[in-house]
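So the structure is just underneath, and the comments pick up after that.
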Number of protein chains: 2
Amino acid sequence: MAGADKHRVVIVGGGFGGLSAAQTLKGANADVTLIDRRNHHLFQPLLYQVATASLSTSEIAWPIRNILRKRGDVRTLLGTVMGVDTVNRTVRLENGQTIAYDSLILATGARHAYFGHDEWEQFAPGLKTLEDATTIRRKLLLAFEAAEREPDAEKRKALLTFVVIGAGPTGVEMAGAIMDLARLTLHGEFRVIRPNDARVVLIEGGQKVLANFAPELSEYTLRALRKLGVEVYLGEAVTLIDAKGVVFGGQRLDASTIIWAAGVEASPAARWLGVEPDRAGRVKVAPDLSVPGLPEVFVVGDTATITMPDGKPVPGVGDAAKQGGRHAANVIKARIEGGVTPGAFRYRHAGDLATIGKSKAVIDFGWTKLRGWLAWWVWGLAHIYFLIDTKNRVFVALSWLWIYLSGQRSARLITQGDAENKAPIKEVTAPQKP
Amino acid sequence: MAGADKHRVVIVGGGFGGLSAAQTLKGANADVTLIDRRNHHLFQPLLYQVATASLSTSEIAWPIRNILRKRGDVRTLLGTVMGVDTVNRTVRLENGQTIAYDSLILATGARHAYFGHDEWEQFAPGLKTLEDATTIRRKLLLAFEAAEREPDAEKRKALLTFVVIGAGPTGVEMAGAIMDLARLTLHGEFRVIRPNDARVVLIEGGQKVLANFAPELSEYTLRALRKLGVEVYLGEAVTLIDAKGVVFGGQRLDASTIIWAAGVEASPAARWLGVEPDRAGRVKVAPDLSVPGLPEVFVVGDTATITMPDGKPVPGVGDAAKQGGRHAANVIKARIEGGVTPGAFRYRHAGDLATIGKSKAVIDFGWTKLRGWLAWWVWGLAHIYFLIDTKNRVFVALSWLWIYLSGQRSARLITQGDAENKAPIKEVTAPQKP
């Protein structure tokens, strides 16, 4: 398999960063091993649409191995990395197996983080993996089902209260999509409750929604959300989350469904490398994305932190991970081929996008700003374009067309873990009065 | 909601039987309640295609509530029935809630059964629910991933051995589809193993595959399976299943993936009614599908057993459940409206169908028999036609077209339970030598 003389590149993570690194290494005289603990590359920007039943899991995920099937120089391994031996240059997997590298790219992403309140996760799941999305989808759909059966009006109200914590793009998109789910999709299908009575509450600790966007887009989004019926609370910190609901701004709100979109924490790459992470657990990298003191190790995407010459930090978005992966791969390529080594990584920010329910969006390209209906179309076309596989593009486009024309969402499935035989209803519990 | 004077019909189960009963009751002067422990109607004939990564879960399942959304007379409840009080005429749900009925239709289907060896289930999952299908899909795909990482040749062989137990339509279709998955889809994507080396072993206790089909079709299927590369063993009973493999015909076969397609057992409706079930747990019903002694209670589909005037039992297939549901609903309708009560249930057998891998099938219409390529097209068109929703029809047709043209399967996702954050690889364990 591996020519003994070839430069061995190990990439950990098959997300935007790792995949773009593998693709950039095409034609390099290297043996590439890509390791991921999932078998699929996930198109995270559309994950909230799986959580809100618009898209099916297979429409936004594609097997990594299949994406790289024509690359005889790439070996794809399903495995969980447990550590890195930077002296002997090996990566250790969960079963003790080690994989040797000459160059290493860590692109392991981030998980949602609860700011020291890990106990909140069981009540307020975040959204990073396909399983997170189907968990949230189940919770959302079960809440309506349980409300339909609930004789107590107070409990029914709590079941129909949906709280989203964090008003970045994910929180804003989730809040809008839950509103649409209730008003456009579930409307008319129940006999006791009216899905239109669902309350969607968006709580943000800062003073703005979409704080990274231009002020006029942020303000537009706030107005659009409120017009859609979303209750938005700004500058209110959540101080407690439990099975009954949330406490924020000193008051309790009973809610059976709470979604966490407030913060992320990098994967444990810093620990593997024995370097000091920043506050969010990220590895501080050198201008070429290598780790100071370990020139053969690169960290890209959400796991790394780096500041551009203009003083701005590179944001934790997919496009930054892609560009980082490409840069690291080009540095390695230049070292193998003895060519000109690329200089410092320069992140080019293409823009920020977010949808606000059906048919509205905001786009901040920097040089121009779009909002409303036109922005929504641009958003949709851009996301279809960036999907990884032609089949996904066709199916996502058709699913959206279907929803647009009929209001019917195609993926309204309440599914459980597996090895089951459990009735999903067992999980339906209305918040109990103490 | 419910007019107090209206006849209350409770239907338990939203499968083929229950749904057709609800649809037949359209226009009757009745309040209908349909209870299911799932929120979706599942098109079981294509479930094996979810298990083998061809179709996505949402392509063969559709929310029951959505199917019946225009029926103001039908209330859909997500709930698990725990018992029936035939004296007070109520159905009891998992939370103690009771639902009163004047007429009751039980259409609760069947689960796979292990003939007194329940301990086999953990090693050899069966295929009845969406979760069963994603469990099998994960096991199949993980076996190839684990084999790619396994240094020991003996263990690699066991990882690439797939055993299907039972050669009825489900077993035959699974065996063929696993072969296609290995040879057409995964081919060329691995660097250590050759997916083409996968062994698919089909074990049947009886003397024939597809024993219910005409002898010439059964023989054709056997030849076609063997030509495809499936190893078929007939007249061999499985005597042991464990984590390492199976024992049949006195010999042990190491295999990491075992799929059970050998038998089913009815849901506990007989226990709820306090009547004596047959050997497979089914309720023996009267000619009009009511329960002897309980004229207001009907049992249809896989949960009931009934013999036609020609002495043949009604088979446990979707079409028989549909016809049974329709008949029971018509009897109830006639009682409400005081019209002519339909006579005894007469099952009209439309035919038996099964696919054998890509582009071959057998169809036994009784009056005519089809096999090979033409049968496969008829099979495909018939299944698209019978799918429940237009969107499902379009998407299944497109998915099949895609697979046909590219060989790429769209739903190759290894996903776990939810509430997780576990690495799927933890489940990869090669069978251990003792």
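Each chain of the structure tokens is named A, B, ... in the order shown, its residues numbered from 1; ligands are numbered from 1 in display order.
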| task | Would you list, as a ChimeraX atom specification, the residues of range 118-231 of chain A that end up in strand (DSSP E) under DSSP run on this structure's backbone? | result | /A:161-165,199-204,231
For the residues in the current selection, export N, CA and C atoms as a short mmCIF file (atom, residue, chain, number, x, y, z; two decimals), in the first residue's frame.
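The result, stored in out-v4.cif:
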data_model
loop_
_atom_site.label_atom_id
_atom_site.label_comp_id
_atom_site.auth_asym_id
_atom_site.auth_seq_id
_atom_site.Cartn_x
_atom_site.Cartn_y
_atom_site.Cartn_z
N THR A 161 -44.35 25.36 24.72
CA THR A 161 -43.39 26.46 24.82
C THR A 161 -42.00 25.94 24.44
N PHE A 162 -41.42 26.58 23.44
CA PHE A 162 -40.13 26.15 22.90
C PHE A 162 -39.12 27.26 23.14
N VAL A 163 -38.06 26.93 23.86
CA VAL A 163 -37.06 27.94 24.20
C VAL A 163 -35.77 27.65 23.44
N VAL A 164 -35.26 28.68 22.77
CA VAL A 164 -33.96 28.57 22.11
C VAL A 164 -33.02 29.52 22.81
N ILE A 165 -31.87 29.01 23.26
CA ILE A 165 -30.93 29.85 24.00
C ILE A 165 -29.74 30.18 23.10
N ARG A 199 -45.55 28.79 21.58
CA ARG A 199 -44.71 29.96 21.85
C ARG A 199 -43.27 29.60 21.55
N VAL A 200 -42.59 30.45 20.82
CA VAL A 200 -41.16 30.26 20.60
C VAL A 200 -40.43 31.42 21.26
N VAL A 201 -39.56 31.10 22.21
CA VAL A 201 -38.88 32.13 23.00
C VAL A 201 -37.38 32.04 22.72
N LEU A 202 -36.81 33.14 22.26
CA LEU A 202 -35.38 33.18 21.95
C LEU A 202 -34.69 34.06 22.98
N ILE A 203 -33.75 33.47 23.72
CA ILE A 203 -33.08 34.20 24.81
C ILE A 203 -31.61 34.41 24.47
N GLU A 204 -31.17 35.64 24.54
CA GLU A 204 -29.79 35.97 24.19
C GLU A 204 -29.16 36.80 25.31
N GLU A 231 -40.76 35.40 20.49
CA GLU A 231 -40.52 36.31 21.61
C GLU A 231 -39.01 36.38 21.84
#
| message | Among range 196-404 of chain B, which residues does DSSP mark as alpha helix (DSSP H) when it is run on the backbone? Keep the chain and numbering as in the structure and answer as a count of residues only. | response | 68
| query | Mind listing as an MDAnalysis selection string which residues of chain B are within 8 Å of chain A, counting only C-alpha atoms? | reply | chainID B and resid 1 37:40 56:59 61:63 65:66 68:70 72 75:80 94 122 125 130:132 134:135 145:146 148:149 188:191 391 395 402 410:420 423:426
| message | Please compute the CA of Glu119 in chain A-CA of Asp254 in chain A distance, one decimal, in Å. | response |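 According to the coordinates, CA of Glu119 in chain A and CA of Asp254 in chain A are separated by 17.9 Å.
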| query | Please, what distance in Å, to one decimal, runs between CA of Ala143 in chain A and CA of Leu160 in chain A? | reply | 6.6 Å
| task | Please identify all polymer residues within 12 Å of Gly380 in chain B, counting only C-alpha atoms, omitting same-chain residues fewer than 3 positions from it, and present them as a PyMOL selection string. | result | chain B and resi 45-46+353-355+358-363+373-377+383-387+393+396-401+404
| said: Quick one: residues within 10 Å of range 27-32 of chain A, only C-alpha atoms, excluding same-chain residues fewer than 6 positions away - as an NGL selection string? | reply: :A and (1-11 or 21 or 71-76 or 101-104 or 329-330 or 332-334 or 336-337)
| task | Find the spatial neighbours of Asp302 in chain B, counting only C-alpha atoms, within a cut-off of 7 Å - ignore same-chain residues fewer than 5 positions away - and output them as number ranges by chain. | result | B: 109-110, 266, 316, 321
